[in-house]
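**Q** My questions will all concern the structure given below.
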Amino acid sequence: AKRYKTPATARQAVNTASSRPSKMLEDDVAEMAASGADAIISDFNTYEDYLDKQITATDLYYLEDIELARQLVELGYRGTGEILRREEFEARKEAVEMAQRQKLHNKPKKLTSAQKDLTGCPILQALAQREEAVRNGKLTTIIFIRDRNTKGQEVSGYIDYAYRLKTENLEPVFDRKKRLMPKSSDLSFYNWETQTSTSNPTPNFQVIADNEAGLLFKNKRDRKIINVDPRARPGDNSTRTEIVTHEFLQVVLYDHVTRRRS
């Protein structure tokens with residue numbers, strides 16, 4: 001690289017080089033990607049930091065101006081190797097940061113039930129076994145719970161496990177600080193004392209209440225029907241599991257292996 005013994009001759013070089021036509025940005029970015037410049041860009045927070053790395057104490061001694069020294073580096077008069085222009089640096093910097101954000105976003109979430117002591121709690125053990133498959137969409141589980149609420153009223157309901165995991169922090173449930181109970185916002189809810197009844201669709205299930213076969217749920221992904229009548233088959237790709245537990249009056253899990261329609 002050339003050296004300039006006075007700031008005046010350096011500025012003259014800057015003016016001359018600045019008037020030259022530049023190459024297309026797309027071509028330079030492609031070359032930069034091929035040369036592994038992403039790793040270089042990750043080391044610098046700003047373009048000025050990148051330029052400063054190429055400037056020596058001797059350069060500053062002769063030029064007496066950090067901005068002038070940076071311009072010379074950017075124009076290729078100082079530094080080693082191919083120097084990136086500001087547009088190239090910032091475009092690649094944004095691309096690298098976007099890739100890092102995407103990688104973080106796609107990172108598997110920690111299971112809510114992970115590393116919890118669920119000894120003596122069969123319902124939580126069963127839900128913990130299903131959590132990963134439910135979160136990644138391979139399985140949908142409807143939880144039927146019948147028990148008494150804080151007012152001593154008998155209530156029952158069908159809970160979309162995946163939807164609860166998405167919309168509610170269930171860590172207190174797996175920590176056994178809070179009980180998992182049906183709510184009026186669940187797939188189906190009934191208060192046996194007040195005779196209050198509600199039903200709500202979720203992103204995973206449609207509720208079919210007015211049917212001769214009784215209460216049915218249609219999976220929105222593969223359109224298969226889940227029949228919750230204990231005297232009937234639960235349906236294709238579905239199983240019914242009754243959980244024996246002292247914590248609730250009754251608990252039944254309806255597991256449905258989801259398959260997209262072809």
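If you're wondering about the labels, chains in the structure tokens are A, B, ... by order shown, residues count from 1 in each chain, ligands from 1 in order shown.
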I'd like the contact shell of Thr194 (chain A) - 10 Å cut-off, only C-alpha atoms, skipping same-chain residues fewer than 4 positions apart - returned as an MDAnalysis selection string.
**A** chainID A and resid 153:155 190
**Q** Need the shell around Ile243 (chain A): protein/DNA/RNA residues with any atom at most 10 Å away, counting only C-alpha atoms. Skip same-chain ones fewer than 4 positions apart. Format as a list in words?
**A**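 In the requested format, the answer is Pro122, Ile123, Ala126, Phe248, Gln250, Val251, Val252 and Leu253 of chain A.
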**Q** May I ask for the distance between CA of Glu247 (chain A) and CA of Gln125 (chain A), given in Å to one decimal place?
**A** 12.8 Å
**Q** Please give the complete set of residues from region 120-180 of chain A that DSSP, run on the backbone, assigns to strand (DSSP E or B), formatted as a PyMOL selection string.
**A** chain A and resi 139-148+154-160
**Q** Where in region 110-250 of chain A does DSSP assign helix (DSSP H, G or I), given as an MDAnalysis selection string?
**A** chainID A and resid 122:135 161:167 171:174
**Q** Provide the CA of Phe217 (chain A) to CA of Phe205 (chain A) distance in Å, to one decimal place.
**A**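 Distance between the two atoms: 6.1 Å.
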**Q** Please provide as a ChimeraX atom specification all residues within 9 Å of Ser197 (chain A), with the sequence filter that same-chain residues fewer than 5 positions apart are discarded (counting only C-alpha atoms).
**A** /A:184,188-192
**Q** With N, CA, C and O atoms kept, could you save the residues just selected as a PDB file, in the first residue's frame?
**A**
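As written to disk, selection-v8.pdb reads:
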ATOM      1  N   SER A 184     -63.711 -21.717  31.613  1.00  0.00           N
ATOM      2  CA  SER A 184     -64.780 -21.431  30.646  1.00  0.00           C
ATOM      3  C   SER A 184     -64.235 -21.107  29.261  1.00  0.00           C
ATOM      4  O   SER A 184     -64.971 -21.127  28.282  1.00  0.00           O
ATOM      5  N   SER A 188     -64.293 -27.143  26.140  1.00  0.00           N
ATOM      6  CA  SER A 188     -65.625 -27.352  26.702  1.00  0.00           C
ATOM      7  C   SER A 188     -65.532 -27.255  28.217  1.00  0.00           C
ATOM      8  O   SER A 188     -64.551 -27.703  28.822  1.00  0.00           O
ATOM      9  N   PHE A 189     -66.540 -26.635  28.827  1.00  0.00           N
ATOM     10  CA  PHE A 189     -66.545 -26.449  30.278  1.00  0.00           C
ATOM     11  C   PHE A 189     -67.984 -26.598  30.783  1.00  0.00           C
ATOM     12  O   PHE A 189     -68.929 -26.131  30.138  1.00  0.00           O
ATOM     13  N   TYR A 190     -68.129 -27.243  31.946  1.00  0.00           N
ATOM     14  CA  TYR A 190     -69.467 -27.391  32.545  1.00  0.00           C
ATOM     15  C   TYR A 190     -69.375 -27.329  34.061  1.00  0.00           C
ATOM     16  O   TYR A 190     -68.537 -27.996  34.673  1.00  0.00           O
ATOM     17  N   ASN A 191     -70.208 -26.470  34.633  1.00  0.00           N
ATOM     18  CA  ASN A 191     -70.328 -26.378  36.093  1.00  0.00           C
ATOM     19  C   ASN A 191     -71.598 -27.119  36.472  1.00  0.00           C
ATOM     20  O   ASN A 191     -72.713 -26.715  36.125  1.00  0.00           O
ATOM     21  N   TRP A 192     -71.434 -28.220  37.207  1.00  0.00           N
ATOM     22  CA  TRP A 192     -72.554 -29.103  37.495  1.00  0.00           C
ATOM     23  C   TRP A 192     -73.545 -28.483  38.489  1.00  0.00           C
ATOM     24  O   TRP A 192     -74.709 -28.881  38.524  1.00  0.00           O
TER      25      TRP A 192
END
**Q** Can you pull out every residue within 9 Å of Ser185 (chain A), counting only C-alpha atoms, but drop anything in the same chain fewer than 5 positions away, and send it as a list in words?
**A**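 Skipping anything fewer than 5 positions along the chain leaves Thr198, Ser199 and Asn200 of chain A.
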**Q** Write to file, as a PDB file, in the first residue's frame, the residues of the selection just made, with all heavy atoms.
**A**
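The resulting file, selection-v3.pdb, is reproduced below:
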ATOM      1  N   THR A 198     -70.045 -23.908  28.479  1.00  0.00           N
ATOM      2  CA  THR A 198     -69.410 -23.130  27.409  1.00  0.00           C
ATOM      3  C   THR A 198     -68.613 -24.053  26.502  1.00  0.00           C
ATOM      4  O   THR A 198     -68.193 -25.143  26.914  1.00  0.00           O
ATOM      5  CB  THR A 198     -68.452 -22.054  27.961  1.00  0.00           C
ATOM      6  OG1 THR A 198     -67.394 -22.710  28.684  1.00  0.00           O
ATOM      7  CG2 THR A 198     -69.175 -21.076  28.881  1.00  0.00           C
ATOM      8  N   SER A 199     -68.415 -23.611  25.273  1.00  0.00           N
ATOM      9  CA  SER A 199     -67.542 -24.342  24.346  1.00  0.00           C
ATOM     10  C   SER A 199     -66.848 -23.331  23.452  1.00  0.00           C
ATOM     11  O   SER A 199     -67.445 -22.315  23.082  1.00  0.00           O
ATOM     12  CB  SER A 199     -68.333 -25.351  23.516  1.00  0.00           C
ATOM     13  OG  SER A 199     -69.287 -24.696  22.707  1.00  0.00           O
ATOM     14  N   ASN A 200     -65.598 -23.609  23.127  1.00  0.00           N
ATOM     15  CA  ASN A 200     -64.787 -22.677  22.346  1.00  0.00           C
ATOM     16  C   ASN A 200     -63.858 -23.442  21.410  1.00  0.00           C
ATOM     17  O   ASN A 200     -63.185 -24.386  21.842  1.00  0.00           O
ATOM     18  CB  ASN A 200     -63.918 -21.809  23.265  1.00  0.00           C
ATOM     19  CG  ASN A 200     -64.721 -21.089  24.332  1.00  0.00           C
ATOM     20  OD1 ASN A 200     -65.327 -20.061  24.088  1.00  0.00           O
ATOM     21  ND2 ASN A 200     -64.719 -21.641  25.544  1.00  0.00           N
TER      22      ASN A 200
END
**Q** Could you give me, as a ChimeraX atom specification, the residues within 12 Å of Val173 (chain A), counting only C-alpha atoms and dropping anything in the same chain fewer than 4 positions from it?
**A** /A:112-113,116-118,121,123-125,127-128,164-165,168-169,177-181
**Q** Could the residues of region 111-189 of chain A that have an atom at most 12 Å from region 225-240 of chain A be listed as JSON lines, each with its closest atom pair and the distance in Å to one decimal, counting only C-alpha atoms and ordered by chain and ascending residue number?
**A**
{"residue": "A:Lys138", "atom": "CA", "partner": "A:Asn237", "partner_atom": "CA", "distance": 11.6}
{"residue": "A:Leu139", "atom": "CA", "partner": "A:Ser238", "partner_atom": "CA", "distance": 9.8}
{"residue": "A:Thr140", "atom": "CA", "partner": "A:Ser238", "partner_atom": "CA", "distance": 9.4}
{"residue": "A:Thr141", "atom": "CA", "partner": "A:Ser238", "partner_atom": "CA", "distance": 9.3}
{"residue": "A:Ile142", "atom": "CA", "partner": "A:Ile226", "partner_atom": "CA", "distance": 9.3}
{"residue": "A:Ile143", "atom": "CA", "partner": "A:Arg240", "partner_atom": "CA", "distance": 10.1}
{"residue": "A:Phe144", "atom": "CA", "partner": "A:Val228", "partner_atom": "CA", "distance": 9.0}
{"residue": "A:Gly157", "atom": "CA", "partner": "A:Val228", "partner_atom": "CA", "distance": 11.5}
{"residue": "A:Tyr158", "atom": "CA", "partner": "A:Val228", "partner_atom": "CA", "distance": 9.5}
{"residue": "A:Ser188", "atom": "CA", "partner": "A:Val228", "partner_atom": "CA", "distance": 11.6}
**Q** Have a look at CA of Leu111 (chain A) and CA of Ile145 (chain A) and let me know their distance in Å, one decimal.
**A**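 Spanning CA of Leu111 (chain A) to CA of Ile145 (chain A) is a straight-line distance of 22.4 Å.
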**Q** With distances taken over only C-alpha atoms, which residue among A:Asp186, A:Glu193, A:Glu74, A:Asp65 lies nearest Asn149 (chain A)?
**A**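 Smallest separation from Asn149 (chain A) among the options: A:Glu193.
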**Q** Could you check the closest approach to Leu84 (chain A) for each of A:Asp59, A:Glu48, A:Glu67, A:Glu97 and tell me which residue wins, using only C-alpha atoms?
**A**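 Of the candidates, the smallest distance to Leu84 (chain A) is held by A:Glu48.
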